[in-house]
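Here is the file run-v9.cif (mmCIF, C-alpha atoms).
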```
data_model
#
loop_
_atom_site.group_PDB
_atom_site.id
_atom_site.type_symbol
_atom_site.label_atom_id
_atom_site.label_comp_id
_atom_site.auth_asym_id
_atom_site.auth_seq_id
_atom_site.Cartn_x
_atom_site.Cartn_y
_atom_site.Cartn_z
ATOM 1 C CA MET A 20 2.910 -11.105 10.118
ATOM 2 C CA LYS A 21 -0.464 -11.156 8.392
ATOM 3 C CA TYR A 22 -2.420 -8.042 7.562
ATOM 4 C CA ASP A 23 -6.012 -7.393 6.573
ATOM 5 C CA ILE A 24 -6.115 -4.967 3.670
ATOM 6 C CA GLU A 25 -9.028 -2.855 2.521
ATOM 7 C CA VAL A 26 -8.714 -0.813 -0.678
ATOM 8 C CA LYS A 27 -11.468 1.752 -1.234
ATOM 9 C CA ILE A 28 -11.736 2.785 -4.873
ATOM 10 C CA SER A 29 -13.803 5.739 -6.035
ATOM 11 C CA LEU A 30 -13.940 7.811 -9.186
ATOM 12 C CA LYS A 31 -12.078 11.098 -9.111
ATOM 13 C CA LYS A 32 -14.139 14.237 -8.647
ATOM 14 C CA GLY A 33 -15.626 15.395 -11.913
ATOM 15 C CA MET A 34 -15.541 11.966 -13.565
ATOM 16 C CA LEU A 35 -18.889 10.758 -14.886
ATOM 17 C CA ASN A 36 -20.275 7.766 -13.009
ATOM 18 C CA PRO A 37 -22.770 6.007 -15.311
ATOM 19 C CA GLU A 38 -23.477 3.294 -12.725
ATOM 20 C CA ALA A 39 -24.556 5.860 -10.135
ATOM 21 C CA ALA A 40 -26.571 7.791 -12.730
ATOM 22 C CA THR A 41 -28.422 4.605 -13.710
ATOM 23 C CA ILE A 42 -29.201 3.761 -10.075
ATOM 24 C CA GLN A 43 -30.535 7.260 -9.472
ATOM 25 C CA ARG A 44 -32.733 7.120 -12.596
ATOM 26 C CA ALA A 45 -34.037 3.664 -11.714
ATOM 27 C CA LEU A 46 -34.883 4.803 -8.165
ATOM 28 C CA ALA A 47 -36.719 7.813 -9.610
ATOM 29 C CA LEU A 48 -38.830 5.448 -11.750
ATOM 30 C CA LEU A 49 -39.858 3.733 -8.502
ATOM 31 C CA ASP A 50 -40.759 7.161 -7.031
ATOM 32 C CA TYR A 51 -37.742 7.421 -4.761
ATOM 33 C CA ASN A 52 -36.135 10.788 -5.293
ATOM 34 C CA VAL A 53 -32.521 10.730 -4.190
ATOM 35 C CA GLU A 54 -29.601 13.036 -4.965
ATOM 36 C CA ASN A 55 -25.820 12.969 -5.297
ATOM 37 C CA THR A 56 -25.697 9.256 -5.955
ATOM 38 C CA ASP A 57 -22.211 7.800 -5.947
ATOM 39 C CA THR A 58 -20.658 4.343 -5.930
ATOM 40 C CA ILE A 59 -17.513 3.078 -4.253
ATOM 41 C CA ASP A 60 -15.830 -0.301 -4.615
ATOM 42 C CA ILE A 61 -14.015 -2.010 -1.785
ATOM 43 C CA ILE A 62 -11.541 -4.838 -2.321
ATOM 44 C CA LYS A 63 -10.526 -6.764 0.785
ATOM 45 C CA PHE A 64 -7.823 -9.374 1.154
ATOM 46 C CA SER A 65 -5.185 -10.602 3.546
ATOM 47 C CA LEU A 66 -1.491 -10.438 2.899
ATOM 48 C CA GLU A 67 1.737 -11.693 4.415
ATOM 49 C CA GLY A 68 4.282 -8.944 5.050
ATOM 50 C CA GLU A 69 7.320 -8.143 7.181
ATOM 51 C CA ASN A 70 5.838 -4.965 8.595
ATOM 52 C CA GLU A 71 3.041 -2.504 7.996
ATOM 53 C CA LYS A 72 5.140 -0.130 5.895
ATOM 54 C CA PHE A 73 6.245 -2.950 3.593
ATOM 55 C CA ALA A 74 2.665 -4.195 3.251
ATOM 56 C CA HIS A 75 1.436 -0.701 2.411
ATOM 57 C CA GLN A 76 4.097 -0.327 -0.261
ATOM 58 C CA ASN A 77 3.107 -3.676 -1.749
ATOM 59 C CA VAL A 78 -0.591 -2.837 -1.836
ATOM 60 C CA ASP A 79 0.139 0.563 -3.351
ATOM 61 C CA GLU A 80 1.986 -1.198 -6.173
ATOM 62 C CA MET A 81 -0.970 -3.559 -6.697
ATOM 63 C CA CYS A 82 -3.289 -0.550 -6.944
ATOM 64 C CA GLN A 83 -1.099 1.166 -9.509
ATOM 65 C CA LYS A 84 -0.612 -1.973 -11.594
ATOM 66 C CA LEU A 85 -3.964 -3.725 -11.422
ATOM 67 C CA LEU A 86 -6.629 -2.737 -8.924
ATOM 68 C CA CYS A 87 -7.150 0.886 -9.961
ATOM 69 C CA ASN A 88 -6.790 3.094 -12.950
ATOM 70 C CA PRO A 89 -4.790 5.996 -11.472
ATOM 71 C CA VAL A 90 -6.008 8.289 -14.241
ATOM 72 C CA ILE A 91 -9.657 8.104 -13.185
ATOM 73 C CA HIS A 92 -9.647 6.548 -9.708
ATOM 74 C CA ASP A 93 -8.790 7.715 -6.218
ATOM 75 C CA TYR A 94 -7.906 4.986 -3.763
ATOM 76 C CA LYS A 95 -7.421 4.662 -0.038
ATOM 77 C CA ILE A 96 -5.592 1.789 1.614
ATOM 78 C CA LYS A 97 -6.496 0.611 5.111
ATOM 79 C CA ILE A 98 -4.180 -1.870 6.820
ATOM 80 C CA SER A 99 -4.822 -3.657 10.087
ATOM 81 C CA PRO A 100 -3.094 -6.637 11.725
ATOM 82 C CA LYS A 101 -5.054 -9.789 10.941
ATOM 83 C CA LYS A 102 -7.561 -10.885 13.570
ATOM 84 C CA GLU A 103 -7.223 -14.591 14.248
ATOM 85 C CA MET B 7 -34.479 16.995 6.948
ATOM 86 C CA LYS B 8 -31.788 15.658 4.608
ATOM 87 C CA TYR B 9 -29.842 12.483 5.274
ATOM 88 C CA ASP B 10 -26.682 11.003 3.843
ATOM 89 C CA ILE B 11 -27.203 7.337 3.120
ATOM 90 C CA GLU B 12 -24.582 4.656 2.641
ATOM 91 C CA VAL B 13 -25.622 1.158 1.607
ATOM 92 C CA LYS B 14 -22.914 -1.495 1.904
ATOM 93 C CA ILE B 15 -23.658 -4.538 -0.238
ATOM 94 C CA SER B 16 -21.754 -7.785 0.059
ATOM 95 C CA LEU B 17 -22.365 -11.336 -1.064
ATOM 96 C CA LYS B 18 -23.770 -13.711 1.540
ATOM 97 C CA LYS B 19 -21.344 -16.121 3.144
ATOM 98 C CA GLY B 20 -20.808 -19.175 0.989
ATOM 99 C CA MET B 21 -21.746 -17.443 -2.281
ATOM 100 C CA LEU B 22 -19.126 -17.638 -4.988
ATOM 101 C CA ASN B 23 -17.542 -14.279 -5.843
ATOM 102 C CA PRO B 24 -16.083 -14.530 -9.361
ATOM 103 C CA GLU B 25 -14.910 -10.903 -9.301
ATOM 104 C CA ALA B 26 -12.815 -11.496 -6.178
ATOM 105 C CA ALA B 27 -11.504 -14.793 -7.556
ATOM 106 C CA THR B 28 -10.390 -13.055 -10.745
ATOM 107 C CA ILE B 29 -8.631 -10.286 -8.816
ATOM 108 C CA GLN B 30 -6.813 -12.834 -6.666
ATOM 109 C CA ARG B 31 -5.708 -14.824 -9.729
ATOM 110 C CA ALA B 32 -4.553 -11.705 -11.547
ATOM 111 C CA LEU B 33 -2.547 -10.564 -8.508
ATOM 112 C CA ALA B 34 -0.943 -14.008 -8.332
ATOM 113 C CA LEU B 35 0.140 -13.641 -11.974
ATOM 114 C CA LEU B 36 1.950 -10.444 -10.918
ATOM 115 C CA ASP B 37 3.599 -12.374 -8.048
ATOM 116 C CA TYR B 38 1.458 -10.895 -5.294
ATOM 117 C CA ASN B 39 0.136 -13.713 -3.174
ATOM 118 C CA VAL B 40 -2.955 -12.614 -1.286
ATOM 119 C CA GLU B 41 -5.714 -14.594 0.397
ATOM 120 C CA ASN B 42 -9.404 -14.342 1.270
ATOM 121 C CA THR B 43 -10.108 -11.777 -1.412
ATOM 122 C CA ASP B 44 -13.557 -10.255 -1.202
ATOM 123 C CA THR B 45 -15.386 -7.344 -2.807
ATOM 124 C CA ILE B 46 -17.976 -4.985 -1.364
ATOM 125 C CA ASP B 47 -20.044 -2.368 -3.157
ATOM 126 C CA ILE B 48 -21.074 0.881 -1.553
ATOM 127 C CA ILE B 49 -23.875 3.054 -2.897
ATOM 128 C CA LYS B 50 -24.103 6.560 -1.455
ATOM 129 C CA PHE B 51 -26.821 9.129 -1.932
ATOM 130 C CA SER B 52 -28.713 11.813 -0.087
ATOM 131 C CA LEU B 53 -32.393 11.669 0.684
ATOM 132 C CA GLU B 54 -35.136 13.931 2.032
ATOM 133 C CA GLY B 55 -37.051 12.382 4.934
ATOM 134 C CA GLU B 56 -39.186 13.363 7.912
ATOM 135 C CA ASN B 57 -37.024 11.559 10.419
ATOM 136 C CA GLU B 58 -34.298 8.939 10.599
ATOM 137 C CA LYS B 59 -36.673 6.012 11.119
ATOM 138 C CA PHE B 60 -38.703 6.978 8.055
ATOM 139 C CA ALA B 61 -35.553 7.389 5.956
ATOM 140 C CA HIS B 62 -34.279 3.985 7.064
ATOM 141 C CA GLN B 63 -37.568 2.344 6.115
ATOM 142 C CA ASN B 64 -37.440 4.016 2.711
ATOM 143 C CA VAL B 65 -33.875 2.905 2.019
ATOM 144 C CA ASP B 66 -34.682 -0.625 3.171
ATOM 145 C CA GLU B 67 -37.477 -0.730 0.570
ATOM 146 C CA MET B 68 -35.076 0.520 -2.122
ATOM 147 C CA CYS B 69 -32.639 -2.250 -1.209
ATOM 148 C CA GLN B 70 -35.308 -4.923 -1.402
ATOM 149 C CA LYS B 71 -36.748 -3.647 -4.671
ATOM 150 C CA LEU B 72 -33.712 -2.507 -6.618
ATOM 151 C CA LEU B 73 -30.313 -2.072 -5.003
ATOM 152 C CA CYS B 74 -29.755 -5.613 -3.746
ATOM 153 C CA ASN B 75 -30.782 -9.123 -4.513
ATOM 154 C CA PRO B 76 -31.911 -10.316 -1.055
ATOM 155 C CA VAL B 77 -31.361 -13.932 -2.091
ATOM 156 C CA ILE B 78 -27.607 -13.534 -2.535
ATOM 157 C CA HIS B 79 -26.728 -10.213 -0.897
ATOM 158 C CA ASP B 80 -26.346 -8.931 2.636
ATOM 159 C CA TYR B 81 -26.710 -5.208 3.064
ATOM 160 C CA LYS B 82 -26.070 -2.664 5.774
ATOM 161 C CA ILE B 83 -27.594 0.798 5.822
ATOM 162 C CA LYS B 84 -25.807 3.743 7.422
ATOM 163 C CA ILE B 85 -27.737 6.972 7.895
ATOM 164 C CA SER B 86 -26.331 10.280 9.042
ATOM 165 C CA PRO B 87 -27.783 13.803 8.982
ATOM 166 C CA LYS B 88 -26.505 15.623 5.927
ATOM 167 C CA LYS B 89 -23.477 17.835 6.454
ATOM 168 C CA GLU B 90 -24.005 21.212 4.849
#
```

Represent the structure of the file as structure tokens.
Amino acid sequence: MKYDIEVKISLKKGMLNPEAATIQRALALLDYNVENTDTIDIIKFSLEGENEKFAHQNVDEMCQKLLCNPVIHDYKIKISPKKE
Amino acid sequence: MKYDIEVKISLKKGMLNPEAATIQRALALLDYNVENTDTIDIIKFSLEGENEKFAHQNVDEMCQKLLCNPVIHDYKIKISPKKE
């Protein structure tokens, strides 16, 4: 069974986000005044797995080992059966 | 009226995505075989605007001028009234 995976990675609350700060400053220079700027990264892929639970476990391992830094990142995993 | 804005930026179809390719290769080195890896960036902020149409126009300008490169990126704008 194939699954479509979406991992949503954001910085933990309270962590500084220099990318967002730079965007907000650059927008201000163009006279756009925005607030509470934040950035989120999404990684999407498809994966072969026996069942949804197994796939979720696998993706969680990938997040811990490679995709995220658990010290500074929060992540959410979304799994859906692959659309053909 | 305040609005919460979410801009979802992805590479146009057919553009090479070296970040996604690197992730896929690195996962393969850890014995996770995934396919069709893709990355998406989300920029969130809040914005003061007269009405939703005006806010959308404003954000579209920001995308064209700064947030995206219209040559290589597709973007989607999501606007919702700010939750207090």

Output as a PDB file with C-alpha atoms, in the frame of the given file the set of chain B residues within 6 Å of chain A, with distances taken over only C-alpha atoms.
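File produced: out30.pdb:
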```pdb
ATOM      1  CA  VAL B  40      -2.955 -12.614  -1.286  1.00  0.00           C
ATOM      2  CA  GLU B  41      -5.714 -14.594   0.397  1.00  0.00           C
ATOM      3  CA  ASN B  42      -9.404 -14.342   1.270  1.00  0.00           C
ATOM      4  CA  THR B  43     -10.108 -11.777  -1.412  1.00  0.00           C
ATOM      5  CA  ASP B  44     -13.557 -10.255  -1.202  1.00  0.00           C
ATOM      6  CA  THR B  45     -15.386  -7.344  -2.807  1.00  0.00           C
ATOM      7  CA  ILE B  46     -17.976  -4.985  -1.364  1.00  0.00           C
ATOM      8  CA  ASP B  47     -20.044  -2.368  -3.157  1.00  0.00           C
ATOM      9  CA  ILE B  48     -21.074   0.881  -1.553  1.00  0.00           C
ATOM     10  CA  ILE B  49     -23.875   3.054  -2.897  1.00  0.00           C
ATOM     11  CA  LYS B  50     -24.103   6.560  -1.455  1.00  0.00           C
ATOM     12  CA  PHE B  51     -26.821   9.129  -1.932  1.00  0.00           C
ATOM     13  CA  SER B  52     -28.713  11.813  -0.087  1.00  0.00           C
ATOM     14  CA  LEU B  53     -32.393  11.669   0.684  1.00  0.00           C
TER      15      LEU B  53
END
```

Atomic separation - atom CA of A:Ile96 relative to atom CA of A:Lys72, Å: 11.7 Å

Taking every listed atom of stretch 26-30 of chain B and adding 6 Å to each side, what centre and edge lengths in Å (one decimal) does the axis-aligned box have, as JSON?
```
{"center_x": -9.8, "center_y": -12.5, "center_z": -8.5, "size_x": 18.0, "size_y": 16.5, "size_z": 16.6}
```

Point-to-point distance in Å for atom CA of B:Thr28 and atom CA of A:Ser99: 23.5 Å

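Within the file as shown, the PyMOL selection byres ((chain A and resi 30) around 7) identifies Ile28, Ser29, Lys31, Lys32, Met34, Ile91, His92 and Asp93 of chain A.
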
Distance in Å - atom CA of A:Val90 versus atom CA of B:Leu35: 22.9 Å

Nearest to B:Cys69 by atom-to-atom distance, counting only C-alpha atoms, from B:Ala27, B:Tyr81, B:Ala34, B:Asn57: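 Residue with the minimum atom-to-atom distance to B:Cys69: B:Tyr81.
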
Complete stretch 27-38 of chain B with all heavy atoms (output as a compact mmCIF listing (two decimals), in the frame of the given file).
```txt
# COMPACT_ATOMS: atom_id res chain seq x y z
N ALA B 27 -12.37 -13.70 -7.12
CA ALA B 27 -11.50 -14.79 -7.56
C ALA B 27 -10.60 -14.34 -8.70
O ALA B 27 -9.41 -14.67 -8.74
CB ALA B 27 -12.36 -15.99 -7.98
N THR B 28 -11.17 -13.55 -9.61
CA THR B 28 -10.39 -13.06 -10.74
C THR B 28 -9.29 -12.12 -10.28
O THR B 28 -8.15 -12.18 -10.75
CB THR B 28 -11.32 -12.33 -11.75
OG1 THR B 28 -12.38 -13.21 -12.10
CG2 THR B 28 -10.57 -11.91 -12.98
N ILE B 29 -9.63 -11.22 -9.36
CA ILE B 29 -8.63 -10.29 -8.82
C ILE B 29 -7.49 -11.06 -8.18
O ILE B 29 -6.30 -10.78 -8.41
CB ILE B 29 -9.29 -9.34 -7.78
CG1 ILE B 29 -10.23 -8.36 -8.48
CG2 ILE B 29 -8.23 -8.58 -6.98
CD1 ILE B 29 -11.10 -7.56 -7.53
N GLN B 30 -7.84 -12.07 -7.37
CA GLN B 30 -6.81 -12.83 -6.67
C GLN B 30 -5.89 -13.56 -7.65
O GLN B 30 -4.67 -13.57 -7.49
CB GLN B 30 -7.48 -13.83 -5.71
CG GLN B 30 -6.48 -14.55 -4.83
CD GLN B 30 -7.13 -15.19 -3.61
OE1 GLN B 30 -8.10 -14.67 -3.07
NE2 GLN B 30 -6.60 -16.31 -3.18
N ARG B 31 -6.50 -14.12 -8.71
CA ARG B 31 -5.71 -14.82 -9.73
C ARG B 31 -4.80 -13.86 -10.48
O ARG B 31 -3.64 -14.16 -10.77
CB ARG B 31 -6.64 -15.55 -10.69
CG ARG B 31 -6.19 -16.97 -10.98
CD ARG B 31 -7.24 -17.83 -11.63
NE ARG B 31 -8.16 -17.06 -12.45
CZ ARG B 31 -9.49 -17.13 -12.32
NH1 ARG B 31 -10.03 -17.91 -11.42
NH2 ARG B 31 -10.26 -16.42 -13.11
N ALA B 32 -5.35 -12.69 -10.80
CA ALA B 32 -4.55 -11.70 -11.55
C ALA B 32 -3.39 -11.20 -10.69
O ALA B 32 -2.28 -11.00 -11.20
CB ALA B 32 -5.45 -10.55 -11.99
N LEU B 33 -3.64 -10.99 -9.40
CA LEU B 33 -2.55 -10.56 -8.51
C LEU B 33 -1.47 -11.64 -8.42
O LEU B 33 -0.28 -11.35 -8.39
CB LEU B 33 -3.10 -10.24 -7.11
CG LEU B 33 -3.86 -8.92 -6.96
CD1 LEU B 33 -4.50 -8.81 -5.58
CD2 LEU B 33 -2.94 -7.72 -7.20
N ALA B 34 -1.91 -12.91 -8.40
CA ALA B 34 -0.94 -14.01 -8.33
C ALA B 34 -0.05 -14.02 -9.57
O ALA B 34 1.15 -14.31 -9.48
CB ALA B 34 -1.68 -15.34 -8.17
N LEU B 35 -0.64 -13.69 -10.73
CA LEU B 35 0.14 -13.64 -11.97
C LEU B 35 1.21 -12.56 -11.90
O LEU B 35 2.24 -12.65 -12.56
CB LEU B 35 -0.77 -13.38 -13.18
CG LEU B 35 -1.69 -14.53 -13.60
CD1 LEU B 35 -2.61 -14.09 -14.72
CD2 LEU B 35 -0.88 -15.74 -14.02
N LEU B 36 0.97 -11.51 -11.11
CA LEU B 36 1.95 -10.44 -10.92
C LEU B 36 2.85 -10.73 -9.71
O LEU B 36 3.54 -9.83 -9.22
CB LEU B 36 1.24 -9.10 -10.73
CG LEU B 36 0.43 -8.56 -11.91
CD1 LEU B 36 -0.35 -7.32 -11.50
CD2 LEU B 36 1.34 -8.23 -13.08
N ASP B 37 2.77 -11.96 -9.19
CA ASP B 37 3.60 -12.37 -8.05
C ASP B 37 3.21 -11.74 -6.72
O ASP B 37 4.05 -11.59 -5.83
CB ASP B 37 5.09 -12.12 -8.32
CG ASP B 37 5.70 -13.26 -9.10
OD1 ASP B 37 5.23 -14.39 -8.93
OD2 ASP B 37 6.61 -13.02 -9.91
N TYR B 38 1.96 -11.33 -6.60
CA TYR B 38 1.46 -10.90 -5.29
C TYR B 38 0.55 -11.99 -4.76
O TYR B 38 -0.51 -12.24 -5.34
CB TYR B 38 0.66 -9.59 -5.40
CG TYR B 38 1.47 -8.43 -5.89
CD1 TYR B 38 1.23 -7.88 -7.13
CD2 TYR B 38 2.46 -7.87 -5.10
CE1 TYR B 38 1.98 -6.81 -7.59
CE2 TYR B 38 3.21 -6.80 -5.54
CZ TYR B 38 2.97 -6.28 -6.79
OH TYR B 38 3.70 -5.21 -7.24
```
